[in-house]
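> Coordinates in target.cif, mmCIF, C-alpha atoms and all ligand atoms, are listed below.
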```cif
data_my_file
#
loop_
_atom_site.label_atom_id
_atom_site.label_comp_id
_atom_site.auth_asym_id
_atom_site.auth_seq_id
_atom_site.Cartn_x
_atom_site.Cartn_y
_atom_site.Cartn_z
CA MET S 1082 99.56 84.20 124.98
CA ILE S 1083 100.09 87.53 123.24
CA ARG S 1084 103.69 86.55 122.54
CA ASP S 1085 102.47 83.30 120.93
CA LYS S 1086 100.04 85.24 118.77
CA LEU S 1087 102.72 87.73 117.74
CA ALA S 1088 105.16 84.95 116.90
CA ARG S 1089 102.54 83.20 114.76
CA PHE S 1090 101.71 86.49 113.03
CA ALA S 1091 105.40 87.19 112.33
CA LEU S 1092 105.90 83.67 110.97
CA GLY S 1093 102.85 84.01 108.76
CA ALA S 1094 104.01 87.39 107.45
CA ALA S 1095 107.50 86.06 106.73
CA ALA S 1096 106.08 83.01 104.94
CA ALA S 1097 103.79 85.24 102.88
CA ALA S 1098 106.66 87.52 101.94
CA LEU S 1099 108.84 84.59 100.91
CA ALA S 1100 106.04 82.89 99.00
CA LEU S 1101 105.37 85.95 96.86
CA PRO S 1102 108.17 86.64 94.41
CA ALA S 1103 108.23 90.09 92.85
CA GLY S 1104 105.61 90.43 90.14
CA ALA S 1105 103.69 87.35 91.28
CA ASP S 1106 100.41 89.19 91.05
CA GLU S 1107 99.97 91.08 87.78
CA SER S 1108 97.86 93.72 89.47
CA TYR S 1109 100.42 94.37 92.21
CA PRO S 1110 103.78 94.50 90.48
CA GLY S 1111 105.39 95.27 93.81
CA SER S 1112 104.41 92.19 95.80
CA GLY S 1113 106.72 90.41 98.23
CA TRP S 1114 110.14 91.74 99.13
CA SER S 1115 110.06 94.43 96.46
CA GLN S 1116 107.31 96.12 98.48
CA LEU S 1117 110.02 97.17 100.93
CA ASN S 1118 111.40 99.50 98.29
CA MET S 1119 109.90 102.08 95.96
CA PRO S 1120 108.93 100.74 92.51
CA ARG S 1121 111.04 101.38 89.41
CA GLY S 1122 107.85 102.53 87.76
CA VAL S 1123 106.81 102.93 84.14
CA THR S 1124 108.11 106.38 83.29
CA ASP S 1125 111.58 107.66 82.54
CA ILE S 1126 111.40 110.02 85.53
CA SER S 1127 110.27 107.31 87.96
CA ARG S 1128 113.31 105.21 86.96
CA LYS S 1129 115.62 108.21 87.37
CA ILE S 1130 114.15 108.84 90.82
CA TYR S 1131 114.60 105.16 91.70
CA ASP S 1132 118.21 105.11 90.49
CA LEU S 1133 118.98 108.29 92.41
CA HIS S 1134 117.37 106.82 95.52
CA MET S 1135 119.43 103.62 95.20
CA THR S 1136 122.70 105.50 94.55
CA ILE S 1137 122.21 107.63 97.65
CA PHE S 1138 121.06 104.61 99.65
CA TRP S 1139 124.33 102.79 98.86
CA VAL S 1140 126.39 105.91 99.64
CA CYS S 1141 124.65 106.00 103.04
CA VAL S 1142 125.30 102.27 103.54
CA GLY S 1143 129.00 102.86 102.76
CA ILE S 1144 129.23 105.75 105.21
CA GLY S 1145 127.42 103.70 107.85
CA VAL S 1146 129.75 100.74 107.43
CA VAL S 1147 132.90 102.91 107.62
CA VAL S 1148 131.75 105.03 110.59
CA PHE S 1149 130.33 102.17 112.65
CA GLY S 1150 133.28 99.92 111.66
CA VAL S 1151 135.83 102.43 112.99
CA MET S 1152 133.71 103.05 116.07
CA ILE S 1153 133.25 99.37 116.97
CA TRP S 1154 136.90 98.56 116.21
CA SER S 1155 138.02 101.45 118.46
CA ILE S 1156 135.71 100.44 121.30
CA VAL S 1157 136.98 96.84 121.17
CA HIS S 1158 140.69 97.60 120.77
CA PHE S 1159 141.00 100.51 123.15
CA ARG S 1160 138.92 99.19 126.01
CA LYS S 1161 139.93 99.71 129.63
CA SER S 1162 140.32 95.98 130.35
CA LYS S 1163 143.07 95.88 127.70
CA GLY S 1164 144.94 98.60 129.56
CA ALA S 1165 143.93 101.55 127.35
CA VAL S 1166 144.45 104.96 128.94
CA ALA S 1167 142.55 108.03 127.74
CA ASP S 1168 144.68 110.63 125.95
CA VAL S 1169 143.71 113.78 127.84
CA ASN S 1170 146.15 116.00 125.93
CA LEU S 1171 144.55 115.63 122.47
CA VAL S 1172 142.02 118.47 122.24
CA HIS S 1173 142.65 119.65 118.69
CA ASN S 1174 144.10 118.29 115.46
CA THR S 1175 143.94 120.59 112.45
CA LYS S 1176 144.77 117.87 109.91
CA VAL S 1177 141.97 115.57 111.11
CA GLU S 1178 139.48 118.43 111.24
CA VAL S 1179 140.28 119.50 107.68
CA VAL S 1180 139.88 115.91 106.46
CA TRP S 1181 136.56 115.35 108.21
CA THR S 1182 135.20 118.59 106.80
CA ILE S 1183 136.40 118.14 103.22
CA ILE S 1184 135.36 114.50 102.76
CA PRO S 1185 131.67 115.06 103.73
CA CYS S 1186 131.62 118.19 101.52
CA ILE S 1187 132.81 116.16 98.53
CA ILE S 1188 130.22 113.44 99.26
CA LEU S 1189 127.42 116.03 99.56
CA ILE S 1190 128.36 117.76 96.30
CA ALA S 1191 128.65 114.41 94.52
CA MET S 1192 125.09 113.59 95.64
CA ALA S 1193 123.67 117.08 95.00
CA VAL S 1194 124.67 117.18 91.32
CA PRO S 1195 122.61 114.20 90.08
CA ALA S 1196 119.80 115.05 92.54
CA ALA S 1197 119.51 118.61 91.20
CA ARG S 1198 119.52 117.34 87.63
CA VAL S 1199 116.55 115.02 88.30
CA LEU S 1200 114.71 117.72 90.29
CA VAL S 1201 114.99 120.16 87.39
CA GLU S 1202 113.59 117.52 85.04
CA ILE S 1203 110.69 116.77 87.42
CA GLU S 1204 109.73 120.45 87.44
CA ASP S 1205 109.90 120.89 83.66
CA THR S 1206 106.28 120.74 82.51
CA THR S 1207 106.92 122.37 79.12
CA ARG S 1208 106.08 120.77 75.76
CA SER S 1209 103.25 118.64 77.11
CA GLY S 1210 100.78 116.89 74.82
CA LEU S 1211 97.77 116.84 77.15
CA THR S 1212 96.74 118.98 80.13
CA ILE S 1213 94.41 117.68 82.81
CA LYS S 1214 93.24 119.65 85.82
CA VAL S 1215 93.05 117.46 88.92
CA THR S 1216 90.93 118.67 91.82
CA GLY S 1217 90.99 116.83 95.12
CA PHE S 1218 87.91 117.05 97.32
CA GLN S 1219 86.57 115.28 100.38
CA TRP S 1220 86.73 112.48 99.29
CA GLY S 1221 87.55 111.86 95.68
CA TRP S 1222 89.07 113.38 92.58
CA GLN S 1223 87.77 115.38 89.68
CA TYR S 1224 89.50 115.21 86.30
CA ASP S 1225 89.04 118.03 83.81
CA TYR S 1226 90.52 117.58 80.32
CA LEU S 1227 90.89 121.29 79.73
CA ASP S 1228 91.13 121.33 75.93
CA GLN S 1229 88.86 118.38 75.19
CA GLY S 1230 85.71 119.29 77.09
CA VAL S 1231 85.70 116.18 79.25
CA LEU S 1232 85.13 116.45 82.97
CA TYR S 1233 84.21 113.78 85.50
CA TYR S 1234 84.53 112.56 89.05
CA SER S 1235 86.49 109.59 90.24
CA ARG S 1236 85.51 107.99 93.52
CA LEU S 1237 86.01 104.80 95.52
CA ASP S 1238 84.26 102.00 93.64
CA ARG S 1239 80.86 100.88 94.96
CA ALA S 1240 82.05 97.36 95.89
CA SER S 1241 84.82 98.65 98.15
CA ASP S 1242 82.51 101.31 99.54
CA ALA S 1243 79.85 98.76 100.47
CA ALA S 1244 82.41 96.41 102.03
CA ARG S 1245 84.04 99.11 104.13
CA GLN S 1246 80.85 100.06 105.97
CA LEU S 1247 80.76 99.15 109.64
CA MET S 1248 79.36 95.61 110.06
CA SER S 1249 78.77 95.27 106.32
CA GLY S 1250 79.30 91.53 106.70
CA ILE S 1251 81.28 91.50 103.45
CA ASP S 1252 84.61 89.69 103.48
CA VAL S 1253 86.94 92.38 102.13
CA THR S 1254 89.36 89.78 100.75
CA THR S 1255 86.66 88.89 98.20
CA VAL S 1256 86.51 92.47 96.88
CA PRO S 1257 88.89 92.95 93.94
CA HIS S 1258 91.40 95.73 94.63
CA TYR S 1259 89.71 96.54 97.92
CA LEU S 1260 90.06 100.29 98.63
CA LEU S 1261 92.33 100.65 95.58
CA ASN S 1262 89.64 100.81 92.93
CA VAL S 1263 87.57 103.70 91.61
CA ASP S 1264 84.39 104.04 89.57
CA HIS S 1265 85.96 106.14 86.78
CA PRO S 1266 89.74 106.03 86.39
CA LEU S 1267 91.83 108.82 84.95
CA VAL S 1268 92.40 107.82 81.33
CA VAL S 1269 95.62 108.89 79.60
CA PRO S 1270 97.52 107.94 76.45
CA VAL S 1271 100.92 106.25 76.65
CA ASP S 1272 104.02 107.89 75.17
CA THR S 1273 102.53 111.36 75.71
CA LYS S 1274 103.70 114.00 78.14
CA VAL S 1275 100.67 114.54 80.35
CA ARG S 1276 100.71 117.74 82.40
CA LEU S 1277 98.62 117.81 85.56
CA LEU S 1278 97.36 121.03 87.13
CA ILE S 1279 96.64 119.98 90.67
CA THR S 1280 94.48 121.85 93.15
CA GLY S 1281 92.12 121.23 96.06
CA ALA S 1282 88.46 122.17 96.50
CA ASP S 1283 88.30 122.06 100.29
CA VAL S 1284 91.36 120.88 102.21
CA ILE S 1285 94.86 119.78 101.20
CA HIS S 1286 95.05 116.43 99.39
CA SER S 1287 97.95 114.90 97.49
CA TRP S 1288 97.85 113.11 94.15
CA TRP S 1289 100.26 110.18 94.37
CA VAL S 1290 100.95 107.45 91.83
CA SER S 1291 104.30 105.90 92.66
CA ASP S 1292 104.63 104.04 89.32
CA PHE S 1293 104.79 107.46 87.63
CA GLY S 1294 107.09 109.05 90.21
CA VAL S 1295 104.41 111.69 90.86
CA LYS S 1296 103.34 112.93 94.28
CA LYS S 1297 102.02 116.47 94.39
CA ASP S 1298 99.95 118.33 96.96
CA ALA S 1299 96.48 119.51 95.93
CA ILE S 1300 96.12 122.81 97.80
CA PRO S 1301 92.97 125.00 97.67
CA GLY S 1302 93.81 128.33 96.03
CA PHE S 1303 97.02 127.05 94.45
CA ILE S 1304 97.78 125.28 91.20
CA ASN S 1305 100.64 122.80 91.44
CA GLU S 1306 102.09 121.27 88.31
CA ALA S 1307 103.32 117.76 87.68
CA TRP S 1308 103.86 115.62 84.63
CA PHE S 1309 104.41 112.05 83.54
CA LYS S 1310 104.92 110.16 80.30
CA VAL S 1311 104.05 106.47 80.44
CA ASP S 1312 106.34 104.19 78.41
CA ALA S 1313 104.93 103.41 74.96
CA ASP S 1314 105.05 99.67 75.68
CA LYS S 1315 103.43 99.88 79.13
CA PRO S 1316 99.71 100.52 78.72
CA GLY S 1317 97.83 99.27 81.75
CA ILE S 1318 96.23 100.17 85.03
CA TYR S 1319 98.22 101.98 87.69
CA ARG S 1320 97.07 102.65 91.21
CA GLY S 1321 97.76 105.29 93.79
CA GLN S 1322 96.19 107.03 96.74
CA CYS S 1323 95.68 110.40 98.35
CA ALA S 1324 98.88 111.02 100.30
CA GLU S 1325 97.85 113.90 102.53
CA LEU S 1326 95.72 113.29 105.62
CA CYS S 1327 92.57 115.09 104.49
CA GLY S 1328 89.84 114.10 106.90
CA ARG S 1329 87.61 111.20 107.86
CA ASP S 1330 87.68 109.35 104.55
CA HIS S 1331 91.29 110.07 103.60
CA GLY S 1332 91.91 106.34 103.31
CA PHE S 1333 89.01 105.94 100.89
CA MET S 1334 90.03 108.15 97.97
CA PRO S 1335 92.26 105.96 95.81
CA ILE S 1336 93.59 106.95 92.40
CA VAL S 1337 93.41 104.70 89.35
CA VAL S 1338 95.03 105.64 86.06
CA GLU S 1339 94.31 103.71 82.89
CA ALA S 1340 97.05 104.20 80.30
CA LEU S 1341 95.74 103.41 76.82
CA SER S 1342 97.45 103.26 73.46
CA LYS S 1343 97.15 106.56 71.57
CA ALA S 1344 94.47 105.19 69.21
CA ASP S 1345 92.40 103.72 72.06
CA PHE S 1346 92.70 106.97 73.98
CA GLU S 1347 91.39 109.01 71.03
CA THR S 1348 88.42 106.65 70.74
CA TRP S 1349 87.71 106.91 74.46
CA LEU S 1350 88.03 110.70 74.39
CA LYS S 1351 85.63 111.12 71.46
CA LYS S 1352 83.08 108.75 72.98
CA THR S 1353 83.23 110.37 76.42
CA ALA S 1354 83.07 113.93 75.06
CA ALA S 1355 80.05 113.01 72.94
CA GLU S 1356 78.30 111.37 75.90
CA GLU S 1357 78.88 114.38 78.10
CA LYS S 1358 77.71 116.79 75.40
CA GLN S 1359 74.56 114.78 74.82
CA ALA S 1360 73.81 114.62 78.52
CA SER S 1361 74.29 118.35 79.03
CA ALA S 1362 72.09 119.09 75.99
CA ALA S 1363 69.39 116.92 77.56
CA GLY S 1364 69.73 119.01 80.71
CA GLU S 1365 71.06 116.23 82.86
CA ALA S 1366 74.48 115.57 84.27
CA ALA S 1367 76.42 113.01 82.26
CA PRO S 1368 76.48 109.68 84.06
CA ILE S 1369 80.17 109.85 84.72
CA ALA S 1370 80.14 113.56 85.46
CA ALA S 1371 77.50 113.33 88.16
CA PRO S 1372 78.54 114.70 91.55
CA PRO S 1373 79.46 111.90 93.91
CA PRO S 1374 76.59 110.55 95.99
CA ALA S 1375 76.97 110.34 99.77
CA PRO S 1376 78.37 106.93 100.74
CA ALA S 1377 75.59 104.42 101.29
CA GLY S 1378 74.72 103.62 104.87
CA THR S 1379 76.49 106.58 106.44
CA THR S 1380 75.02 109.63 108.03
CA ALA S 1381 76.80 112.38 106.18
CA PRO S 1382 78.39 115.03 108.37
CA ALA S 1383 78.22 118.67 107.28
CA SER S 1384 81.54 118.49 105.44
CA THR S 1385 80.37 115.56 103.26
CA ALA S 1386 77.18 117.40 102.38
CA THR S 1387 79.08 120.45 101.15
CA ALA S 1388 81.83 118.60 99.27
CA PRO S 1389 79.89 117.74 96.08
CA ALA S 1390 78.60 121.32 95.89
CA SER S 1391 82.04 122.90 96.26
CA ALA S 1392 83.75 120.60 93.77
CA PRO S 1393 81.68 121.56 90.70
CA ALA S 1394 81.92 125.23 91.78
CA ALA S 1395 85.68 124.97 91.72
CA ALA S 1396 85.50 123.33 88.31
CA ALA S 1397 83.28 126.05 86.94
CA SER S 1398 85.67 128.76 88.07
CA GLY S 1399 88.59 126.88 86.57
CU CU J 1 92.66 113.44 100.28
#
```
Could you express the structure from this file as structure tokens?


Amino acid sequence: MIRDKLARFALGAAAAALALPAGADESYPGSGWSQLNMPRGVTDISRKIYDLHMTIFWVCVGIGVVVFGVMIWSIVHFRKSKGAVADVNLVHNTKVEVVWTIIPCIILIAMAVPAARVLVEIEDTTRSGLTIKVTGFQWGWQYDYLDQGVLYYSRLDRASDAARQLMSGIDVTTVPHYLLNVDHPLVVPVDTKVRLLITGADVIHSWWVSDFGVKKDAIPGFINEAWFKVDADKPGIYRGQCAELCGRDHGFMPIVVEALSKADFETWLKKTAAEEKQASAAGEAAPIAAPPPAPAGTTAPASTATAPASAPAAAASG
């Protein structure tokens, strides 16, 4: 019975994977078989990381084929039934030992050189055009455009939040981008080096958008740096998630980044800054800067109740 069910599930999954060629769904560029691998992404760094990953993957495949090939060939050819007798005198062979030390050393150095080059580039946050402070909290993100006076929260969108509640009765397949959508995405310009200053307000989170090749821990008391520069011809919406188990609602704090053309970004920035200024002059929190409300239909535990209070405090001190 269970075996039947499993077989049907496996068949269904295989059929689904085959039916979905890469890029079938605009919103999920990595559908189908390509989901088994990391994406090439939309930044220069993400492509370098991908190429490095593939180079080292094929080196590993080559080593695997050679090592297992020799092993299997030896087992088959020198088996007891063929009259093979163990050589009990061979305990040491300097030549072989030198070879099997030098060859792996050369392979390791050959892999370390390009890897180090990409790592250095990943860490180089100099000459950025825009700096945004990213604060992870239980359970959402706060984006602070340090030089532009724009600050707001980004949380799981209301439709996903309503559908995820126990016995909500909502078919989650009808919710667009279920659990991968937010109310206010991070908005950035394309073709601009965006530097992120990443920290945490309560526990450790991790800001991860694989299309940018960025995954950085958000640690309370520390500022981690990361950067990305979206290709000039790739404005669009990119999705990610918190990648550090951070508590009860870890699975419900997605990341959405909207990459706009430079002109559109300037328009958005001016409009948002003006809205926030107006709201603070009127003595009220700007609609998109309001602290996140407790999720509807849940009894908030102590940690949820303190999260909105600690997040603005962290912002004020930053
Ligand atoms: Cu988190």

> Within 9 Å of ligand CU 1 (chain J) (counting only C-alpha atoms and all ligand atoms), which residues show up? I'd like them as a ChimeraX atom specification.

/S:1217-1222,1281,1284-1288,1299,1322-1328,1330-1335

> Compile the contact shell of stretch 1135-1139 of chain S as an MDAnalysis selection string: residues with an atom at most 10 Å away, counting all atoms listed in the file, same-chain residues fewer than 6 positions apart removed.

chainID S and resid 1118:1119 1129 1145 1191:1193 1195:1196

> What is the distance between atom CA of S:Gly1150 and atom CA of S:Ser1115, in Å to one decimal?

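Value for the atom CA of S:Gly1150-atom CA of S:Ser1115 distance: 28.3 Å.
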
> Can you pull out every residue within 7 Å of stretch 1307-1315 of chain S, counting only C-alpha atoms, but drop anything in the same chain fewer than 5 positions away, and send it as a list in words?

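Here the answer would be Val1123, Thr1124, Glu1204, Thr1206, Val1271, Asp1272, Thr1273, Lys1274, Val1275, Arg1276, Leu1277, Leu1278, Phe1293, Val1295 and Lys1297 of chain S.
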
> Quick one: axis-aligned box around all listed atoms of stretch 1110-1124 of chain S, 4 Å on every side, centre and edge lengths in Å to one decimal, written as JSON.


```
{"center_x": 107.6, "center_y": 98.4, "center_z": 92.1, "size_x": 15.6, "size_y": 24.0, "size_z": 25.6}
```

> Extract, using all atoms listed in the file, all DNA, RNA and protein residues at most 8 Å from S:Gly1321, discarding same-chain residues fewer than 5 positions from it, and format them as a PyMOL selection string.

chain S and resi 1261+1288-1291+1335-1337

> Go ahead and compute the interatomic distance for atom CA of S:Val1256 and atom CA of S:Arg1329, in Å to one decimal.

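Taking atom CA of S:Val1256 as the start and atom CA of S:Arg1329 as the end point, the length is 21.7 Å.
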
> From the list S:Asp1345, S:Gly1122, S:Gly1302, S:Ile1251, which residue is nearest S:Tyr1319 when using only C-alpha atoms?

S:Gly1122
